[in-house]
Structures are given as structure tokens and as C-alpha cells.
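File shown: work.csv. Contents: CSV, C-alpha atoms.
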```csv
chain,number,residue,atom,x,y,z
A,110,MET,CA,-5.5,0.0,11.6
A,111,SER,CA,-5.2,-0.5,7.9
A,112,TYR,CA,-7.5,0.9,5.3
A,113,PHE,CA,-8.9,-2.6,4.6
A,114,SER,CA,-9.9,-3.2,8.2
A,115,TYR,CA,-12.6,-0.6,7.9
A,116,LEU,CA,-14.2,-2.0,4.8
A,117,PRO,CA,-17.1,-4.4,5.2
A,118,LYS,CA,-16.7,-8.1,5.0
A,119,VAL,CA,-18.7,-10.3,2.5
A,120,GLU,CA,-19.1,-14.0,2.1
A,121,TYR,CA,-17.9,-15.0,-1.3
A,122,ASN,CA,-18.2,-18.4,-3.0
A,123,ILE,CA,-14.7,-18.5,-4.5
A,124,THR,CA,-15.0,-22.1,-5.9
A,125,LYS,CA,-18.5,-21.4,-7.2
A,126,SER,CA,-19.6,-24.7,-5.8
A,127,LYS,CA,-23.2,-25.4,-5.2
A,128,TYR,CA,-22.5,-26.4,-1.7
A,129,PHE,CA,-22.0,-22.9,-0.5
A,130,ASP,CA,-18.4,-23.3,0.3
A,131,THR,CA,-17.7,-19.6,1.1
A,132,SER,CA,-14.8,-17.6,2.3
A,133,THR,CA,-14.9,-14.3,4.1
A,134,ALA,CA,-13.4,-11.5,2.1
A,135,VAL,CA,-13.0,-7.7,2.3
A,136,ASP,CA,-15.4,-6.0,0.1
A,137,ILE,CA,-12.9,-3.8,-1.8
A,138,PHE,CA,-15.5,-2.5,-4.2
A,139,VAL,CA,-17.3,-0.5,-1.5
A,140,ARG,CA,-16.3,3.0,-2.1
A,141,ASN,CA,-19.3,4.7,-0.7
A,142,LEU,CA,-18.1,4.8,2.9
A,143,ILE,CA,-17.7,8.5,2.0
A,144,LYS,CA,-20.5,9.2,-0.4
A,145,GLN,CA,-19.1,10.7,-3.6
A,146,ASN,CA,-21.7,13.6,-3.7
A,147,VAL,CA,-20.6,14.5,-0.1
A,148,ILE,CA,-17.0,14.5,-1.2
A,149,ASP,CA,-17.7,16.6,-4.2
A,150,LYS,CA,-20.2,19.0,-2.8
A,151,GLY,CA,-20.9,18.8,0.9
A,152,VAL,CA,-17.6,18.6,2.7
A,153,THR,CA,-15.1,21.4,3.4
A,154,PHE,CA,-11.6,20.5,2.2
A,155,ASP,CA,-8.2,21.8,2.9
A,156,LEU,CA,-5.2,21.1,0.5
A,157,HIS,CA,-2.2,19.3,1.7
A,158,THR,CA,1.1,18.8,0.0
A,159,ILE,CA,2.6,15.4,0.8
A,160,GLY,CA,6.2,15.8,1.8
A,161,ASP,CA,9.1,13.7,0.5
A,162,GLY,CA,9.0,10.3,2.1
A,163,GLU,CA,5.7,11.1,3.9
A,164,ARG,CA,3.6,7.9,4.3
A,165,PRO,CA,-0.2,7.8,4.5
A,166,ASP,CA,-0.1,7.0,8.2
A,167,ILE,CA,2.2,10.0,8.8
A,168,THR,CA,-0.1,12.3,6.8
A,169,SER,CA,-3.1,11.1,8.9
A,170,PHE,CA,-1.2,11.7,12.1
A,171,LEU,CA,-0.1,15.2,11.0
A,172,ILE,CA,-3.5,16.2,9.9
A,173,TYR,CA,-5.9,14.4,12.3
A,174,GLY,CA,-3.6,13.5,15.2
A,175,ASP,CA,-4.1,9.8,14.7
A,176,VAL,CA,-2.8,7.2,12.2
A,177,LYS,CA,-6.2,5.4,11.9
A,178,TYR,CA,-7.6,7.9,9.4
A,179,ASP,CA,-5.3,7.2,6.5
A,180,TRP,CA,-8.0,5.2,4.7
A,181,ILE,CA,-10.2,8.3,4.7
A,182,ILE,CA,-7.5,10.3,3.0
A,183,PHE,CA,-7.3,7.6,0.3
A,184,LEU,CA,-11.1,7.6,-0.2
A,185,ALA,CA,-11.4,11.4,-0.2
A,186,ASN,CA,-8.8,11.5,-3.0
A,187,ARG,CA,-10.1,8.5,-5.0
A,188,MET,CA,-6.8,6.8,-4.3
A,189,PHE,CA,-7.3,3.0,-4.5
A,190,ASN,CA,-3.7,1.8,-5.1
A,191,PRO,CA,-1.3,3.1,-2.5
A,192,TYR,CA,1.7,2.0,-4.6
A,193,PHE,CA,0.7,4.1,-7.7
A,194,ASP,CA,-1.6,6.8,-6.3
A,195,TRP,CA,0.7,7.9,-3.4
A,196,PRO,CA,3.8,9.9,-4.4
A,197,LEU,CA,7.1,8.2,-4.4
A,198,SER,CA,9.9,9.4,-2.1
A,199,SER,CA,12.9,10.9,-4.0
A,200,GLN,CA,14.8,7.6,-3.2
A,201,ASP,CA,11.9,5.4,-4.6
A,202,PHE,CA,11.5,7.8,-7.6
A,203,ARG,CA,15.2,7.2,-8.5
A,204,LYS,CA,14.7,3.4,-8.1
A,205,LEU,CA,11.7,3.7,-10.5
A,206,LEU,CA,13.8,5.5,-13.0
A,207,GLN,CA,16.6,3.0,-12.7
A,208,SER,CA,14.2,0.0,-13.1
A,209,LYS,CA,12.5,1.6,-16.2
A,210,TYR,CA,15.3,3.4,-17.9
A,211,GLY,CA,18.6,2.1,-16.5
A,212,THR,CA,19.6,5.4,-14.9
A,213,ALA,CA,18.0,8.8,-14.1
A,214,GLU,CA,20.5,10.4,-16.6
A,215,ARG,CA,19.2,8.1,-19.3
A,216,ALA,CA,15.6,9.1,-18.4
A,217,ARG,CA,16.6,12.7,-18.9
A,218,LYS,CA,17.8,11.9,-22.4
A,219,VAL,CA,15.0,9.7,-23.7
A,220,ILE,CA,12.2,11.7,-25.3
A,221,HIS,CA,8.7,10.8,-24.2
A,222,GLU,CA,6.8,13.2,-26.5
A,223,TYR,CA,7.4,15.9,-29.1
A,224,HIS,CA,5.1,18.9,-29.1
A,225,GLN,CA,4.2,21.6,-31.6
A,226,ILE,CA,3.3,24.8,-29.8
A,227,ILE,CA,0.1,26.1,-31.4
A,228,GLN,CA,-0.3,29.1,-29.1
A,229,PRO,CA,2.5,30.3,-26.8
A,230,ALA,CA,1.6,31.1,-23.2
A,231,THR,CA,1.1,34.7,-22.1
A,232,ASP,CA,0.0,36.3,-18.9
A,233,SER,CA,-3.6,35.7,-19.7
A,234,VAL,CA,-3.5,32.7,-22.1
A,235,ARG,CA,-2.4,29.1,-21.4
A,236,GLU,CA,0.0,27.5,-23.8
A,237,ILE,CA,-1.7,25.2,-26.3
A,238,LYS,CA,0.4,22.4,-27.8
A,239,VAL,CA,-0.2,19.1,-29.7
A,240,VAL,CA,1.8,15.9,-29.8
A,241,VAL,CA,3.7,15.4,-33.1
A,242,ASP,CA,6.2,12.9,-34.5
A,243,ASN,CA,9.9,13.5,-34.5
A,244,GLU,CA,10.1,14.4,-38.2
A,245,THR,CA,7.4,17.1,-37.8
A,246,TRP,CA,9.1,18.4,-34.6
A,247,SER,CA,12.5,18.6,-36.3
A,248,SER,CA,11.0,20.8,-39.1
A,249,LEU,CA,9.7,23.4,-36.6
A,250,ASN,CA,11.5,26.5,-35.3
A,251,ASP,CA,12.7,26.4,-31.7
A,252,THR,CA,9.9,28.8,-30.7
A,253,GLU,CA,7.3,26.4,-32.1
A,254,ARG,CA,8.3,23.2,-30.4
A,255,SER,CA,9.0,21.6,-27.1
A,256,ARG,CA,9.6,18.1,-25.9
A,257,ILE,CA,9.1,16.1,-22.8
A,258,THR,CA,11.7,13.6,-21.5
A,259,LYS,CA,10.8,10.4,-19.7
A,260,TYR,CA,12.2,11.9,-16.6
A,261,ASP,CA,9.9,15.0,-16.9
A,262,TYR,CA,6.9,12.7,-17.7
A,263,GLU,CA,7.5,10.5,-14.6
A,264,PHE,CA,8.3,13.5,-12.4
A,265,LYS,CA,5.0,15.2,-13.4
A,266,ILE,CA,3.0,12.1,-12.6
A,267,ASN,CA,4.6,11.7,-9.2
A,268,GLU,CA,4.3,15.4,-8.3
A,269,ARG,CA,0.6,15.5,-9.4
A,270,ASN,CA,0.0,12.9,-6.6
A,271,ARG,CA,1.5,15.2,-4.0
A,272,GLN,CA,-1.4,17.6,-3.8
A,273,ILE,CA,-4.3,16.0,-2.0
A,274,ARG,CA,-7.6,17.1,-0.5
A,275,ILE,CA,-8.0,16.7,3.3
A,276,ILE,CA,-11.5,16.5,4.7
A,277,ASP,CA,-12.1,19.0,7.5
A,278,LYS,CA,-11.5,17.6,10.9
A,279,GLN,CA,-15.1,18.2,12.0
A,280,TYR,CA,-16.3,15.5,9.7
A,281,ILE,CA,-13.7,12.8,10.4
A,282,GLU,CA,-15.3,11.2,13.5
A,283,SER,CA,-18.7,10.8,11.9
A,284,ILE,CA,-17.2,9.3,8.7
A,285,PHE,CA,-15.2,6.9,10.9
A,286,LYS,CA,-18.3,5.9,12.9
A,287,GLU,CA,-20.3,5.4,9.6
A,288,ALA,CA,-17.6,3.1,8.3
A,289,GLN,CA,-17.6,1.1,11.6
A,290,SER,CA,-21.3,0.7,11.5
A,291,LYS,CA,-21.2,-0.6,7.9
A,292,ARG,CA,-18.3,-2.9,8.9
A,293,TYR,CA,-20.1,-4.4,11.8
A,294,GLY,CA,-23.6,-4.1,10.5
A,295,THR,CA,-24.9,-1.9,13.3
```
Can you dump the structure from the file as C-alpha cells?
Amino acid sequence: MSYFSYLPKVEYNITKSKYFDTSTAVDIFVRNLIKQNVIDKGVTFDLHTIGDGERPDITSFLIYGDVKYDWIIFLANRMFNPYFDWPLSSQDFRKLLQSKYGTAERARKVIHEYHQIIQPATDSVREIKVVVDNETWSSLNDTERSRITKYDYEFKINERNRQIRIIDKQYIESIFKEAQSKRYGT
């Protein structure tokens, strides 16, 4: 079953006619199937790193033993767009780079941001840096500057999406039943 099949249906007057000409639509704005305060405070989570090429249905099967819970993974992680919120496979990542920058090699050469390092990282302190223009960056010593390429920028975004929260298995069936009751109005 797809994510949308568990969301409630609503009657919507698309034409806004006064004759109540409605169409049934999926209520995509319902995000409280898993109440946010429960997600943030009341449920035990495990962390899962999404493998290369791992699809949401596969993740659901690996974690919960069934593909029907993929939508719960999306909601628990506030993922609402599977094309942009789910990490790309390495093959799709290369295609993204090609479509945006021509080649992956070009993406490695194009600078996304120049940084001035205000405070270098140590064992106990995180690095602090600010974005600067190319002219300022060029005037800094090598120890005072860094830069991010388009490749690094896109890679960081994609990798950030790999680490997801997984709701403990003991809560899954009750969440599933709650969603079905809202879907069918029972």
C-alpha cells in the first residue's frame, strides 16, 4: 500500500461551484496521524542509515518485516516529498550532478561557498566559519579559509537524508490502526 492510501479522504469542491460539485481527494495536509508531540517526546526511536539504493518500501521491510509501513517512516521523519527527502542512490546522485552541472567533475570544480574560518576546530571546540565573497577569501591565509564545491554541497544534503529515525516496533501496529480508523472514520 502506498503512503497516500492511509491518509483520510475529503470531499473538495474543485470548481468552487455553488452546486456542490465535489471530488474525492486525499487529504495530504493531515500530518497528525502520528501526533508530533508523540514523535518528539513519547516514542522510542532507533536510528537507521539508509543504504545506497534502498527504497522506502525496502527500509520498511527490513525494519518492520512488511512494506506497508513505509508511510510511517516518512511521517516520523517529517519527510513529505519522497523525491527530495529520501536520499538518492549513487547512480541517481550522478544523474543529478550531470543535470545540474554537466558532469560530476565539473561539480567538483565549481565553488558553492567561500568560508573564513573564525575559530579552528579542536578536540573540544567546533569550527566556526562564515561565508565570505571570493575577494575576501583570496586575501586570507590558507589556515583561515575553506571552500565548499557544488559536489560537496549536494553530497552533504544527500547524506544528511540517510540518517533517519525509526519508531520502535511495539508502536507500529497501534499507529497503523489509528491511521486506518481515521481513514475509514471508525
Legend entry - For segment 231-242 of chain A: contacts at 10 Å, all atoms listed in the file, fewer than 6 positions along chain excluded, given as a VMD selection string: chain A and resid 222 to 225 253 to 256
Inset, instruction - For atom CA of Leu205 of chain A and atom CA of Ile172 of chain A, quote the distance in Å rounded to one decimal. - result: 28.3 Å
Legend entry - Pick from A:Ser132, A:Thr168, A:Thr212, A:Thr245, whichever lies nearest to Leu156 of chain A using all atoms listed in the file: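 Between A:Ser132, A:Thr168, A:Thr212, A:Thr245, the residue approaching Leu156 of chain A most closely is A:Thr168.
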Inset, instruction - Tell me, in Å to one decimal, how far atom CA of Gly162 of chain A is from atom CA of Asp201 of chain A. - result: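 Calculated distance between atom CA of Gly162 of chain A and atom CA of Asp201 of chain A is 8.8 Å.
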Legend entry - Nearest to Asn250 of chain A, chosen from A:Ile226, A:Ala216, A:Ala134, A:Leu197, with only C-alpha atoms counted in the distances: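 Closest to Asn250 of chain A of all the choices is A:Ile226.
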Rebuild segment 176-199 of chain A to N, CA and C atoms - output it as a PDB file, in the frame of the given file, please.
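Saved result, part-v5.pdb, follows:
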```
ATOM      1  N   VAL A 176      -3.168   7.965  13.373  1.00  0.00           N
ATOM      2  CA  VAL A 176      -2.800   7.200  12.200  1.00  0.00           C
ATOM      3  C   VAL A 176      -4.014   6.459  11.594  1.00  0.00           C
ATOM      4  N   LYS A 177      -5.080   6.287  12.372  1.00  0.00           N
ATOM      5  CA  LYS A 177      -6.200   5.400  11.900  1.00  0.00           C
ATOM      6  C   LYS A 177      -7.050   6.019  10.829  1.00  0.00           C
ATOM      7  N   TYR A 178      -6.811   7.261  10.445  1.00  0.00           N
ATOM      8  CA  TYR A 178      -7.600   7.900   9.400  1.00  0.00           C
ATOM      9  C   TYR A 178      -6.995   7.897   8.022  1.00  0.00           C
ATOM     10  N   ASP A 179      -5.922   7.159   7.846  1.00  0.00           N
ATOM     11  CA  ASP A 179      -5.300   7.200   6.500  1.00  0.00           C
ATOM     12  C   ASP A 179      -6.179   6.693   5.414  1.00  0.00           C
ATOM     13  N   TRP A 180      -7.046   5.750   5.695  1.00  0.00           N
ATOM     14  CA  TRP A 180      -8.000   5.200   4.700  1.00  0.00           C
ATOM     15  C   TRP A 180      -8.967   6.293   4.238  1.00  0.00           C
ATOM     16  N   ILE A 181      -9.304   7.229   5.115  1.00  0.00           N
ATOM     17  CA  ILE A 181     -10.200   8.300   4.700  1.00  0.00           C
ATOM     18  C   ILE A 181      -9.523   9.245   3.744  1.00  0.00           C
ATOM     19  N   ILE A 182      -8.236   9.459   3.933  1.00  0.00           N
ATOM     20  CA  ILE A 182      -7.500  10.300   3.000  1.00  0.00           C
ATOM     21  C   ILE A 182      -7.486   9.605   1.610  1.00  0.00           C
ATOM     22  N   PHE A 183      -7.310   8.275   1.585  1.00  0.00           N
ATOM     23  CA  PHE A 183      -7.300   7.600   0.300  1.00  0.00           C
ATOM     24  C   PHE A 183      -8.705   7.711  -0.372  1.00  0.00           C
ATOM     25  N   LEU A 184      -9.770   7.498   0.364  1.00  0.00           N
ATOM     26  CA  LEU A 184     -11.100   7.600  -0.200  1.00  0.00           C
ATOM     27  C   LEU A 184     -11.444   9.002  -0.688  1.00  0.00           C
ATOM     28  N   ALA A 185     -11.089   9.981   0.110  1.00  0.00           N
ATOM     29  CA  ALA A 185     -11.400  11.400  -0.200  1.00  0.00           C
ATOM     30  C   ALA A 185     -10.700  11.817  -1.513  1.00  0.00           C
ATOM     31  N   ASN A 186      -9.583  11.184  -1.811  1.00  0.00           N
ATOM     32  CA  ASN A 186      -8.800  11.500  -3.000  1.00  0.00           C
ATOM     33  C   ASN A 186      -8.907  10.528  -4.113  1.00  0.00           C
ATOM     34  N   ARG A 187      -9.860   9.605  -3.967  1.00  0.00           N
ATOM     35  CA  ARG A 187     -10.100   8.500  -5.000  1.00  0.00           C
ATOM     36  C   ARG A 187      -8.783   7.791  -5.241  1.00  0.00           C
ATOM     37  N   MET A 188      -8.027   7.544  -4.197  1.00  0.00           N
ATOM     38  CA  MET A 188      -6.800   6.800  -4.300  1.00  0.00           C
ATOM     39  C   MET A 188      -7.137   5.331  -3.889  1.00  0.00           C
ATOM     40  N   PHE A 189      -6.951   4.411  -4.798  1.00  0.00           N
ATOM     41  CA  PHE A 189      -7.300   3.000  -4.500  1.00  0.00           C
ATOM     42  C   PHE A 189      -6.091   2.102  -4.595  1.00  0.00           C
ATOM     43  N   ASN A 190      -4.960   2.621  -5.009  1.00  0.00           N
ATOM     44  CA  ASN A 190      -3.700   1.800  -5.100  1.00  0.00           C
ATOM     45  C   ASN A 190      -2.623   2.625  -4.424  1.00  0.00           C
ATOM     46  N   PRO A 191      -2.270   2.295  -3.186  1.00  0.00           N
ATOM     47  CA  PRO A 191      -1.300   3.100  -2.500  1.00  0.00           C
ATOM     48  C   PRO A 191       0.112   3.060  -3.152  1.00  0.00           C
ATOM     49  N   TYR A 192       0.381   2.067  -3.985  1.00  0.00           N
ATOM     50  CA  TYR A 192       1.700   2.000  -4.600  1.00  0.00           C
ATOM     51  C   TYR A 192       1.784   2.936  -5.833  1.00  0.00           C
ATOM     52  N   PHE A 193       0.674   3.230  -6.488  1.00  0.00           N
ATOM     53  CA  PHE A 193       0.700   4.100  -7.700  1.00  0.00           C
ATOM     54  C   PHE A 193       0.041   5.429  -7.469  1.00  0.00           C
ATOM     55  N   ASP A 194      -0.864   5.540  -6.516  1.00  0.00           N
ATOM     56  CA  ASP A 194      -1.600   6.800  -6.300  1.00  0.00           C
ATOM     57  C   ASP A 194      -0.888   7.708  -5.304  1.00  0.00           C
ATOM     58  N   TRP A 195      -0.074   7.154  -4.428  1.00  0.00           N
ATOM     59  CA  TRP A 195       0.700   7.900  -3.400  1.00  0.00           C
ATOM     60  C   TRP A 195       2.009   8.328  -4.030  1.00  0.00           C
ATOM     61  N   PRO A 196       2.484   9.555  -3.816  1.00  0.00           N
ATOM     62  CA  PRO A 196       3.800   9.900  -4.400  1.00  0.00           C
ATOM     63  C   PRO A 196       4.935   9.151  -3.875  1.00  0.00           C
ATOM     64  N   LEU A 197       5.871   8.876  -4.750  1.00  0.00           N
ATOM     65  CA  LEU A 197       7.100   8.200  -4.400  1.00  0.00           C
ATOM     66  C   LEU A 197       8.034   9.134  -3.651  1.00  0.00           C
ATOM     67  N   SER A 198       8.808   8.620  -2.714  1.00  0.00           N
ATOM     68  CA  SER A 198       9.900   9.400  -2.100  1.00  0.00           C
ATOM     69  C   SER A 198      10.931   9.654  -3.196  1.00  0.00           C
ATOM     70  N   SER A 199      11.825  10.601  -2.972  1.00  0.00           N
ATOM     71  CA  SER A 199      12.900  10.900  -4.000  1.00  0.00           C
ATOM     72  C   SER A 199      13.728   9.608  -4.178  1.00  0.00           C
TER      73      SER A 199
END
```
